$ cat input_29.csv   # CSV, C-alpha atoms
chain,number,residue,atom,x,y,z
R,1,MET,CA,0.0,0.0,0.0
R,2,SER,CA,1.5,3.3,-1.1
R,3,LEU,CA,1.6,6.4,1.0
R,4,PRO,CA,-1.4,8.2,-0.7
R,5,GLN,CA,-3.5,5.1,-0.1
R,6,VAL,CA,-2.6,5.0,3.6
R,7,VAL,CA,-3.5,8.7,3.9
R,8,PHE,CA,-6.7,8.2,2.1
R,9,TRP,CA,-7.8,5.3,4.3
R,10,VAL,CA,-6.9,7.2,7.5
R,11,MET,CA,-8.9,10.3,6.3
R,12,ALA,CA,-11.8,8.1,5.1
R,13,VAL,CA,-12.1,6.5,8.6
R,14,VAL,CA,-11.9,9.9,10.3
R,15,ALA,CA,-14.6,11.2,7.9
R,16,VAL,CA,-17.0,8.3,8.4
R,17,LEU,CA,-16.5,8.4,12.2
R,18,GLY,CA,-17.2,12.1,12.1
R,19,GLY,CA,-20.3,11.6,10.0
R,20,LEU,CA,-21.5,9.0,12.5
R,21,GLY,CA,-20.9,11.6,15.3
R,22,VAL,CA,-22.9,14.2,13.4
R,23,VAL,CA,-25.9,12.0,13.4
R,24,ALA,CA,-25.5,10.3,16.7
R,25,PHE,CA,-24.5,13.0,19.2
R,26,ARG,CA,-27.4,14.2,21.3
R,27,ARG,CA,-25.9,17.7,21.9
R,28,PRO,CA,-25.8,20.0,18.8
R,29,ILE,CA,-22.4,21.4,19.7
R,30,ASN,CA,-20.9,17.9,19.4
R,31,SER,CA,-22.6,17.4,16.0
R,32,VAL,CA,-21.1,20.7,14.8
R,33,LEU,CA,-17.6,19.8,16.0
R,34,SER,CA,-17.9,16.4,14.3
R,35,LEU,CA,-18.8,18.1,11.1
R,36,VAL,CA,-15.6,20.2,11.4
R,37,ALA,CA,-13.6,17.0,11.7
R,38,VAL,CA,-15.3,15.6,8.6
R,39,MET,CA,-14.5,18.8,6.6
R,40,LEU,CA,-10.9,18.7,7.6
R,41,ALA,CA,-10.5,15.0,6.7
R,42,LEU,CA,-12.2,15.7,3.3
R,43,SER,CA,-9.9,18.7,2.7
R,44,VAL,CA,-6.9,16.3,2.9
R,45,ILE,CA,-8.6,14.0,0.3
R,46,PHE,CA,-9.2,17.1,-1.9
R,47,LEU,CA,-5.5,17.8,-1.7
R,48,GLU,CA,-4.7,14.3,-2.7
R,49,LEU,CA,-6.9,14.7,-5.8
R,50,SER,CA,-4.8,17.8,-6.8
R,51,ALA,CA,-7.5,20.3,-5.8
R,52,GLN,CA,-5.2,22.7,-4.0
R,53,PHE,CA,-7.4,25.8,-4.2
R,54,VAL,CA,-10.5,23.9,-3.2
R,55,PHE,CA,-8.5,22.5,-0.2
R,56,ALA,CA,-7.6,26.0,0.9
R,57,VAL,CA,-11.2,27.3,0.5
R,58,GLN,CA,-12.6,24.2,2.3
R,59,VAL,CA,-10.3,24.8,5.3
R,60,ILE,CA,-10.6,28.6,5.5
R,61,VAL,CA,-14.1,29.4,4.4
R,62,TYR,CA,-16.0,26.2,5.2
R,63,ALA,CA,-14.4,24.7,8.3
R,64,GLY,CA,-13.3,28.2,9.4
R,65,ALA,CA,-16.1,30.6,8.7
R,66,VAL,CA,-19.3,28.7,8.1
R,67,MET,CA,-18.8,26.3,11.0
R,68,VAL,CA,-17.9,29.1,13.3
R,69,LEU,CA,-21.2,30.7,12.4
R,70,PHE,CA,-22.9,27.4,13.4
R,71,LEU,CA,-21.0,27.4,16.7
R,72,PHE,CA,-22.1,31.0,17.3
R,73,VAL,CA,-25.7,30.1,16.8
R,74,VAL,CA,-25.4,26.9,19.0
R,75,ALA,CA,-23.9,29.1,21.7
R,76,LEU,CA,-26.6,31.7,21.2
R,77,LEU,CA,-29.5,29.4,21.4
R,78,GLY,CA,-28.2,27.4,24.3
R,79,PRO,CA,-28.8,23.7,25.0
R,80,VAL,CA,-32.0,22.4,23.5
R,81,ARG,CA,-33.4,19.1,24.8
R,82,GLU,CA,-34.3,17.0,21.8
R,83,ARG,CA,-37.3,14.7,22.1
R,84,SER,CA,-36.6,11.2,20.9
R,85,THR,CA,-39.7,10.7,18.7
R,86,GLY,CA,-41.4,12.9,16.3
R,87,ARG,CA,-45.1,13.4,15.9
R,88,VAL,CA,-45.2,11.6,12.6
R,89,PRO,CA,-46.2,7.9,13.1
R,90,PHE,CA,-43.7,5.1,12.0
R,91,HIS,CA,-41.3,8.0,11.2
R,92,ARG,CA,-38.2,6.0,11.9
R,93,GLY,CA,-39.4,3.1,9.8
R,94,VAL,CA,-40.0,5.2,6.8
R,95,ALA,CA,-36.6,6.8,7.2
R,96,ALA,CA,-34.9,3.4,7.5
R,97,VAL,CA,-36.6,2.0,4.3
R,98,VAL,CA,-35.7,5.1,2.3
R,99,VAL,CA,-32.1,5.1,3.4
R,100,LEU,CA,-31.6,1.4,3.0
R,101,ALA,CA,-33.0,1.5,-0.6
R,102,PHE,CA,-30.8,4.5,-1.4
R,103,ALA,CA,-27.7,2.9,0.2
R,104,GLY,CA,-28.2,-0.3,-1.6
R,105,LEU,CA,-28.6,1.5,-4.9
R,106,LEU,CA,-25.4,3.6,-4.4
R,107,ILE,CA,-23.2,0.7,-3.1
R,108,ALA,CA,-24.3,-1.6,-5.9
R,109,PHE,CA,-23.6,1.0,-8.4
R,110,ILE,CA,-20.1,1.7,-7.1
R,111,THR,CA,-18.9,-1.8,-6.3
R,112,SER,CA,-20.2,-3.6,-9.3
R,113,ALA,CA,-18.2,-3.8,-12.5
R,114,GLY,CA,-21.0,-1.8,-14.1
R,115,ILE,CA,-19.4,1.6,-13.6
R,116,ARG,CA,-17.1,2.5,-16.4
R,117,PHE,CA,-15.0,5.6,-16.4
R,118,ARG,CA,-14.4,7.7,-19.4
R,119,ALA,CA,-10.8,8.1,-20.5
R,120,PRO,CA,-9.2,11.2,-19.0
R,121,GLU,CA,-8.8,14.3,-21.2
R,122,GLN,CA,-5.4,15.5,-22.3
R,123,ALA,CA,-4.3,18.1,-19.9
R,124,SER,CA,-1.0,19.1,-18.4
R,125,LEU,CA,-1.2,17.7,-14.9
R,126,ALA,CA,1.7,19.9,-13.7
R,127,VAL,CA,-0.7,22.9,-13.3
R,128,PHE,CA,-3.9,21.0,-12.7
R,129,GLY,CA,-6.0,22.6,-9.9
R,130,THR,CA,-3.7,25.5,-9.3
R,131,VAL,CA,-5.0,28.9,-8.4
R,132,GLN,CA,-4.0,30.2,-11.8
R,133,GLN,CA,-6.1,27.6,-13.6
R,134,ILE,CA,-9.1,28.1,-11.2
R,135,GLY,CA,-8.9,31.8,-11.7
R,136,ALA,CA,-8.7,31.5,-15.5
R,137,GLY,CA,-11.7,29.2,-15.5
R,138,LEU,CA,-13.8,31.4,-13.2
R,139,PHE,CA,-13.1,34.6,-15.0
R,140,THR,CA,-13.4,33.4,-18.6
R,141,THR,CA,-15.6,30.4,-19.3
R,142,TYR,CA,-17.6,30.5,-16.1
R,143,LEU,CA,-17.8,34.3,-15.6
R,144,TYR,CA,-21.6,34.5,-15.5
R,145,PRO,CA,-22.1,31.7,-12.9
R,146,PHE,CA,-19.4,33.3,-10.9
R,147,GLU,CA,-21.2,36.7,-11.0
R,148,LEU,CA,-24.4,35.0,-10.2
R,149,THR,CA,-22.9,33.4,-7.0
R,150,SER,CA,-21.8,36.8,-5.9
R,151,ILE,CA,-25.3,38.1,-6.3
R,152,LEU,CA,-26.5,35.1,-4.4
R,153,LEU,CA,-24.2,35.9,-1.5
R,154,LEU,CA,-25.3,39.6,-1.5
R,155,VAL,CA,-29.0,38.5,-1.3
R,156,ALA,CA,-28.2,36.0,1.4
R,157,ALA,CA,-26.3,38.7,3.4
R,158,VAL,CA,-29.1,41.2,3.1
R,159,GLY,CA,-31.7,38.5,4.0
R,160,ALA,CA,-29.8,37.3,7.0
R,161,ILE,CA,-29.4,40.9,8.3
R,162,TYR,CA,-33.1,41.6,7.7
R,163,LEU,CA,-34.2,38.3,9.4
R,164,SER,CA,-32.0,38.5,12.5
R,165,ARG,CA,-32.3,42.3,13.0
R,166,GLY,CA,-34.9,41.7,15.7
R,167,GLY,CA,-37.3,44.5,14.8
R,168,GLN,CA,-40.5,45.7,16.5
R,169,ALA,CA,-42.5,42.6,15.5
R,170,ALA,CA,-40.4,40.0,17.1
R,171,SER,CA,-40.1,41.7,20.5
R,172,GLU,CA,-43.9,42.4,20.4
R,173,VAL,CA,-44.7,38.8,19.9
R,174,ARG,CA,-42.2,37.7,22.6
R,175,GLY,CA,-43.7,40.2,25.0
R,176,ARG,CA,-47.3,39.0,24.3
R,177,GLU,CA,-46.3,35.4,24.9
R,178,LEU,CA,-44.6,36.2,28.1
R,179,ARG,CA,-47.5,38.3,29.5
R,180,GLY,CA,-50.2,36.2,28.0
R,181,PRO,CA,-53.3,37.4,26.2
R,182,GLY,CA,-55.2,40.4,27.5
R,183,ALA,CA,-52.1,42.1,28.8
R,184,ALA,CA,-51.5,44.2,25.7
R,185,PRO,CA,-53.4,47.4,26.7
R,186,ALA,CA,-51.2,47.6,29.9
R,187,THR,CA,-48.1,48.1,27.8
R,188,ASP,CA,-49.7,51.0,26.0
R,189,ALA,CA,-50.5,52.6,29.4
R,190,ASN,CA,-46.9,51.9,30.6
R,191,GLU,CA,-45.5,53.5,27.5
R,192,LYS,CA,-47.7,56.6,28.0
R,193,GLU,CA,-46.5,56.8,31.6
R,194,ASP,CA,-42.9,56.5,30.5
R,195,ARG,CA,-43.5,59.3,28.0
R,196,ARG,CA,-45.1,61.5,30.7
R,197,ALA,CA,-42.2,60.9,33.1
P,1,MET,CA,-8.7,-1.6,-22.1
P,2,PRO,CA,-7.0,0.3,-19.2
P,3,ASP,CA,-8.7,0.9,-16.0
P,4,TYR,CA,-9.4,4.7,-16.1
P,5,GLY,CA,-10.8,4.5,-12.5
P,6,GLN,CA,-7.2,4.6,-11.1
P,7,ILE,CA,-6.3,8.2,-10.3
P,8,PRO,CA,-2.5,8.8,-10.2
P,9,VAL,CA,-1.6,10.4,-6.9
P,10,GLY,CA,2.0,11.1,-6.1
P,11,SER,CA,3.8,7.8,-5.9
P,12,GLY,CA,0.8,5.6,-6.2
P,13,THR,CA,-2.8,5.5,-7.4
P,14,LEU,CA,-6.2,5.9,-5.8
P,15,ASP,CA,-9.2,4.0,-6.9
P,16,ALA,CA,-12.0,6.4,-7.8
P,17,ARG,CA,-14.6,3.8,-6.8
P,18,LEU,CA,-13.4,3.9,-3.2
P,19,ILE,CA,-13.6,7.7,-3.1
P,20,LEU,CA,-17.1,7.6,-4.6
P,21,GLY,CA,-18.0,5.0,-2.0
P,22,LEU,CA,-16.8,7.2,0.8
P,23,ALA,CA,-18.9,10.1,-0.6
P,24,ALA,CA,-21.9,7.8,-0.8
P,25,VAL,CA,-21.5,6.7,2.8
P,26,LEU,CA,-21.2,10.4,3.9
P,27,PHE,CA,-24.3,11.4,1.9
P,28,ILE,CA,-26.3,8.5,3.4
P,29,LEU,CA,-25.2,9.5,6.9
P,30,GLY,CA,-26.4,13.0,6.2
P,31,ALA,CA,-29.7,11.8,4.8
P,32,VAL,CA,-30.3,9.6,7.9
P,33,GLY,CA,-29.6,12.6,10.0
P,34,VAL,CA,-32.1,14.8,8.2
P,35,LEU,CA,-34.7,12.1,8.4
P,36,VAL,CA,-34.2,11.0,12.0
P,37,ARG,CA,-33.0,14.0,14.0
P,38,ARG,CA,-35.6,16.5,15.3
P,39,ASN,CA,-33.5,19.5,16.2
P,40,PRO,CA,-33.6,22.0,13.4
P,41,LEU,CA,-30.1,23.1,14.0
P,42,VAL,CA,-28.8,19.5,13.7
P,43,ILE,CA,-30.8,19.1,10.5
P,44,LEU,CA,-29.0,22.1,9.0
P,45,VAL,CA,-25.7,20.5,10.0
P,46,CYS,CA,-26.7,17.2,8.3
P,47,ILE,CA,-27.5,19.1,5.1
P,48,GLU,CA,-24.0,20.6,5.2
P,49,LEU,CA,-22.7,17.0,5.5
P,50,MET,CA,-24.6,16.0,2.3
P,51,LEU,CA,-23.3,19.0,0.4
P,52,ASN,CA,-19.7,18.0,1.4
P,53,ALA,CA,-20.3,14.5,0.1
P,54,ALA,CA,-21.5,15.9,-3.2
P,55,ASN,CA,-18.4,18.1,-3.4
P,56,LEU,CA,-16.2,15.1,-2.9
P,57,THR,CA,-17.8,13.4,-5.9
P,58,LEU,CA,-17.3,16.5,-8.0
P,59,ILE,CA,-13.7,16.7,-7.2
P,60,THR,CA,-13.1,13.0,-7.7
P,61,PHE,CA,-14.5,13.2,-11.2
P,62,ALA,CA,-12.5,16.3,-11.9
P,63,ALA,CA,-9.3,14.4,-11.0
P,64,GLN,CA,-10.4,11.3,-12.9
P,65,LEU,CA,-11.2,13.2,-16.1
P,66,HIS,CA,-8.4,15.8,-15.7
P,67,ASN,CA,-11.2,18.3,-16.2
P,68,LEU,CA,-11.2,21.4,-14.0
P,69,GLU,CA,-15.0,22.1,-14.3
P,70,GLY,CA,-15.7,19.7,-11.4
P,71,GLN,CA,-13.5,21.8,-9.1
P,72,LEU,CA,-15.1,25.0,-10.3
P,73,PHE,CA,-18.6,23.7,-9.5
P,74,ALA,CA,-17.4,22.5,-6.1
P,75,LEU,CA,-16.5,26.1,-5.4
P,76,MET,CA,-20.0,27.2,-6.5
P,77,THR,CA,-21.5,24.5,-4.3
P,78,MET,CA,-19.6,25.9,-1.3
P,79,THR,CA,-21.0,29.4,-2.1
P,80,VAL,CA,-24.5,28.1,-2.2
P,81,ALA,CA,-23.9,26.1,1.0
P,82,ALA,CA,-22.7,29.2,2.7
P,83,ALA,CA,-25.7,31.2,1.6
P,84,GLU,CA,-28.0,28.4,2.7
P,85,ALA,CA,-26.4,28.2,6.1
P,86,VAL,CA,-26.5,31.9,6.7
P,87,VAL,CA,-30.2,32.3,5.7
P,88,GLY,CA,-31.2,29.1,7.6
P,89,LEU,CA,-29.5,30.1,10.8
P,90,ALA,CA,-31.0,33.6,10.6
P,91,ILE,CA,-34.4,32.1,10.3
P,92,LEU,CA,-33.7,29.7,13.2
P,93,VAL,CA,-32.5,32.6,15.4
P,94,ASP,CA,-35.6,34.6,14.6
P,95,ILE,CA,-37.8,31.6,15.5
P,96,PHE,CA,-36.0,30.9,18.7
P,97,ARG,CA,-36.4,34.6,19.7
P,98,VAL,CA,-40.1,34.1,19.8
P,99,ARG,CA,-40.2,30.6,21.3
P,100,ASP,CA,-38.1,27.5,22.0
P,101,VAL,CA,-38.4,24.7,19.5
P,102,ASP,CA,-37.1,21.2,20.2
P,103,ASP,CA,-38.8,19.5,17.3
P,104,VAL,CA,-39.2,20.7,13.7
P,105,ASP,CA,-42.7,19.3,13.7
P,106,GLN,CA,-43.7,22.0,16.1
P,107,LEU,CA,-43.1,24.5,13.3
P,108,SER,CA,-46.4,23.8,11.6
P,109,ASP,CA,-48.1,27.2,12.0
P,110,LEU,CA,-48.4,27.7,8.3
P,111,LYS,CA,-50.4,24.5,7.9
P,112,GLY,CA,-53.8,26.3,7.8

$ encode --input "input_29.csv" --output "structure tokens"
Amino acid sequence: MSLPQVVFWVMAVVAVLGGLGVVAFRRPINSVLSLVAVMLALSVIFLELSAQFVFAVQVIVYAGAVMVLFLFVVALLGPVRERSTGRVPFHRGVAAVVVLAFAGLLIAFITSAGIRFRAPEQASLAVFGTVQQIGAGLFTTYLYPFELTSILLLVAAVGAIYLSRGGQAASEVRGRELRGPGAAPATDANEKEDRRA
Amino acid sequence: MPDYGQIPVGSGTLDARLILGLAAVLFILGAVGVLVRRNPLVILVCIELMLNAANLTLITFAAQLHNLEGQLFALMTMTVAAAEAVVGLAILVDIFRVRDVDDVDQLSDLKG
């Protein structure tokens, strides 16, 4: 077994264990940290597959930024007790059937001799996956998709700010739930008193 | 006919089928999580896991075909995943500001 294969197997085991942790841990923060482990293991496999730039983006942006956002939200929301069963009847049975069918399909497809790979294209492997090549691809052939993703990011940023801004409506609903129905006029009176004072 | 599934990596080769199998296992784990877990935050985490598995297949085929487009689209997937995470988490924070949710099935207010 050559060194790349050893590295791949180690990272594959780490990734699968991390994936199991994502699903099995009861506390959300453990799930998020398991996903970080999966992403770091996958980034090493990306590097083996000569995807240097994607490796860097995976570590910095994905494991670094997106997962830190998840951690912030977990810390913000606090521990949530998860109930073991949903309201949908035979929910786990349906999930098991769907997943087993899907898993059987995928595994059969991959392990059988049925899958045939196309011959690789002629390309100089010395520069394959470097930042120059990625940049040339993004800014020439795929310029429009690239610009569309930037618009998507802008829309997502504006939407996230709007949603999490916590305007008048959210605090009103929260106050009404805390005080219960029928207490709304009291707030108006309180506000008037505050204004008078 | 040569076996095109062997990807040359450094001093040896990697079998593309193994990497695709790993991606399939990770995707299935993510799907199980989405179907079984009840916490909306963990469901978002499982969606990220599935997106990562899809990225792995894209990059595997890019390396097998010596074609850079797979890597470019993996980058696009990452952008979409980031946007999805940001908006999803913002919605979650907004919901949790009003009330605590420990089960996604509780969020059925729009069901008429």

$ interface_residues --input "input_29.csv" --of "chain P" --to "chain R" --cutoff "6 Å" --atoms "only C-alpha atoms" --output "list in words"
Tyr4, Gly5, Gly12, Arg17, Gly33, Leu35, Val42, Ala63, Leu65, His66, Ala83, Val87, Ala90, Asp94, Val98 and Asp102 of chain P

$ write_last_selection --input "input_29.csv" --atoms "C-alpha atoms" --output "PDB file, keeping the file's coordinate frame"
ATOM      1  CA  TYR P   4      -9.400   4.700 -16.100  1.00  0.00           C
ATOM      2  CA  GLY P   5     -10.800   4.500 -12.500  1.00  0.00           C
ATOM      3  CA  GLY P  12       0.800   5.600  -6.200  1.00  0.00           C
ATOM      4  CA  ARG P  17     -14.600   3.800  -6.800  1.00  0.00           C
ATOM      5  CA  GLY P  33     -29.600  12.600  10.000  1.00  0.00           C
ATOM      6  CA  LEU P  35     -34.700  12.100   8.400  1.00  0.00           C
ATOM      7  CA  VAL P  42     -28.800  19.500  13.700  1.00  0.00           C
ATOM      8  CA  ALA P  63      -9.300  14.400 -11.000  1.00  0.00           C
ATOM      9  CA  LEU P  65     -11.200  13.200 -16.100  1.00  0.00           C
ATOM     10  CA  HIS P  66      -8.400  15.800 -15.700  1.00  0.00           C
ATOM     11  CA  ALA P  83     -25.700  31.200   1.600  1.00  0.00           C
ATOM     12  CA  VAL P  87     -30.200  32.300   5.700  1.00  0.00           C
ATOM     13  CA  ALA P  90     -31.000  33.600  10.600  1.00  0.00           C
ATOM     14  CA  ASP P  94     -35.600  34.600  14.600  1.00  0.00           C
ATOM     15  CA  VAL P  98     -40.100  34.100  19.800  1.00  0.00           C
ATOM     16  CA  ASP P 102     -37.100  21.200  20.200  1.00  0.00           C
TER      17      ASP P 102
END

$ atom_distance --input "input_29.csv" --atom1 "atom CA of R:Val14" --atom2 "atom CA of P:Ile19"
13.7 Å

$ closest_residue --input "input_29.csv" --among "P:Pro2, P:Glu84, P:Asp109, P:Ala16" --to "P:Ala62" --atoms "all atoms listed in the file"
P:Ala16

$ atom_distance --input "input_29.csv" --atom1 "atom CA of R:Phe55" --atom2 "atom CA of R:Ala75"
27.6 Å

$ atom_distance --input "input_29.csv" --atom1 "atom CA of P:Leu75" --atom2 "atom CA of P:Ile7"
21.2 Å

$ closest_residue --input "input_29.csv" --among "P:Val93, P:Val101, P:Ala74, P:Ala31" --to "P:Leu56" --atoms "only C-alpha atoms"
P:Ala74

$ closest_residue --input "input_29.csv" --among "P:Gln64, P:Ile47, P:Gly30, P:Glu69" --to "P:Gln6" --atoms "all atoms listed in the file"
P:Gln64

$ closest_residue --input "input_29.csv" --among "P:Arg38, P:Asp3, P:Asp15, P:Val9" --to "P:Gln106" --atoms "only C-alpha atoms"
P:Arg38

$ closest_residue --input "input_29.csv" --among "R:Leu33, R:Val97, R:Leu40, R:Val59" --to "R:Leu71" --atoms "all atoms listed in the file"
R:Leu33

$ closest_residue --input "input_29.csv" --among "P:Ile59, P:Ile95, P:Ala81, P:Leu89" --to "P:Leu20" --atoms "all atoms listed in the file"
P:Ile59
